Amino acid sequence: LSLLRQRQMCIRDSIKEKDINLVIAKKLQWYLEQNDNLNVIMTRTSDTDVSIGGRIDYAKGNNADYVISVHINSKSQDNTNPRGCMVLMSCSRYQPSDSRFASIYDKENMLANAIICNLNNIGIPIADDWNTEYTTGILQRTNTVNELYPDGSPADYYGLIYNGTYAGIPTIIIEHSFLSNENDYRTHFSTDSQLDVLARALSLIHISEPTRPY
């Protein structure tokens, strides 16, 4: 299963990842907008399907400074019962001329590390899947068809990050923990108050304004 796809995977009590994602995202929006300087634009507010390209187009059309995608993980074939968090970000330092920041790579890295730290602080360890236990919880994957960005660097595997990079917007994907792990689900995703804790932890990041690369 793709880490990025809005999976229809159901586990105990017919819980769906996409429904939990939306609850977390709405709570995160509320917490972030307690800061008068922040305005959160949601790519969806109900059970609708928005294409990967459509999400980035919508973000760019609304002059978004960041794209933060909220997800919950599922086990891959190389680990029977993984647990913990990871953040996906670009593998390239390609910098379009109309980028929102002087270095979108550095902004993604800053956000990723801050989010992982905050999730660690509420008891979610770095994931033991995709070797992220050796990369401080950050996952970067190159595409599998040898595609390159205009600067010659390998293009990203994940479509949202790929499109976000071309749009010049720092784009990350948060995989909070594993819905396929019984303990992760019961500890972090099974009640509204647990989801609120997750959203509040995510909101405790420093969102800086763009520094244009003039």
# chains A, B, ... in the order shown; residues from 1 in each chain; ligands from 1
>>> select_by_dssp(residues="region 158-194 of chain A", states="strand (DSSP E or B)", output="VMD selection string")
chain A and resid 171 to 178
>>> write_last_selection(atoms="C-alpha atoms", output="mmCIF file, in the first residue's frame")
data_model
loop_
_atom_site.group_PDB
_atom_site.id
_atom_site.type_symbol
_atom_site.label_atom_id
_atom_site.label_comp_id
_atom_site.auth_asym_id
_atom_site.auth_seq_id
_atom_site.Cartn_x
_atom_site.Cartn_y
_atom_site.Cartn_z
ATOM 1 C CA THR A 171 5.566 19.980 1.403
ATOM 2 C CA ILE A 172 5.659 17.260 4.029
ATOM 3 C CA ILE A 173 3.612 14.169 4.848
ATOM 4 C CA ILE A 174 3.144 13.260 8.518
ATOM 5 C CA GLU A 175 2.682 9.579 9.348
ATOM 6 C CA HIS A 176 1.721 9.828 13.011
ATOM 7 C CA SER A 177 1.952 6.145 13.831
ATOM 8 C CA PHE A 178 0.563 2.810 12.631
#
>>> closest_residue(among="A:Asn62, A:Thr48, A:Asn73, A:Ser92", to="Asn109 (chain A)", atoms="only C-alpha atoms")
A:Ser92
>>> atom_distance(atom1="CA of Arg93 (chain A)", atom2="CA of His206 (chain A)")
21.6 Å
>>> closest_atom_pairs(of="region 180-206 of chain A", to="region 22-35 of chain A", cutoff="6 Å", atoms="only C-alpha atoms", output="JSON lines")
{"residue": "A:Leu195", "atom": "CA", "partner": "A:Ile24", "partner_atom": "CA", "distance": 5.9}
{"residue": "A:Ala199", "atom": "CA", "partner": "A:Leu28", "partner_atom": "CA", "distance": 4.7}
{"residue": "A:Ser203", "atom": "CA", "partner": "A:Leu32", "partner_atom": "CA", "distance": 5.6}
>>> write_last_selection(atoms="all heavy atoms", output="short mmCIF file (atom, residue, chain, number, x, y, z; two decimals), in the first residue's frame")
data_model
loop_
_atom_site.label_atom_id
_atom_site.label_comp_id
_atom_site.auth_asym_id
_atom_site.auth_seq_id
_atom_site.Cartn_x
_atom_site.Cartn_y
_atom_site.Cartn_z
N LEU A 195 -6.93 12.04 19.74
CA LEU A 195 -6.70 12.77 18.50
C LEU A 195 -6.43 14.24 18.77
O LEU A 195 -5.65 14.89 18.07
CB LEU A 195 -7.91 12.61 17.57
CG LEU A 195 -8.24 11.18 17.16
CD1 LEU A 195 -9.45 11.17 16.21
CD2 LEU A 195 -7.06 10.49 16.51
N ALA A 199 -3.18 16.50 17.57
CA ALA A 199 -3.29 17.78 16.87
C ALA A 199 -2.58 18.89 17.63
O ALA A 199 -1.89 19.73 17.03
CB ALA A 199 -4.76 18.12 16.66
N SER A 203 0.62 21.27 16.44
CA SER A 203 0.48 22.72 16.36
C SER A 203 1.61 23.47 17.05
O SER A 203 1.79 24.67 16.82
CB SER A 203 -0.86 23.16 16.99
OG SER A 203 -0.83 23.05 18.41
#
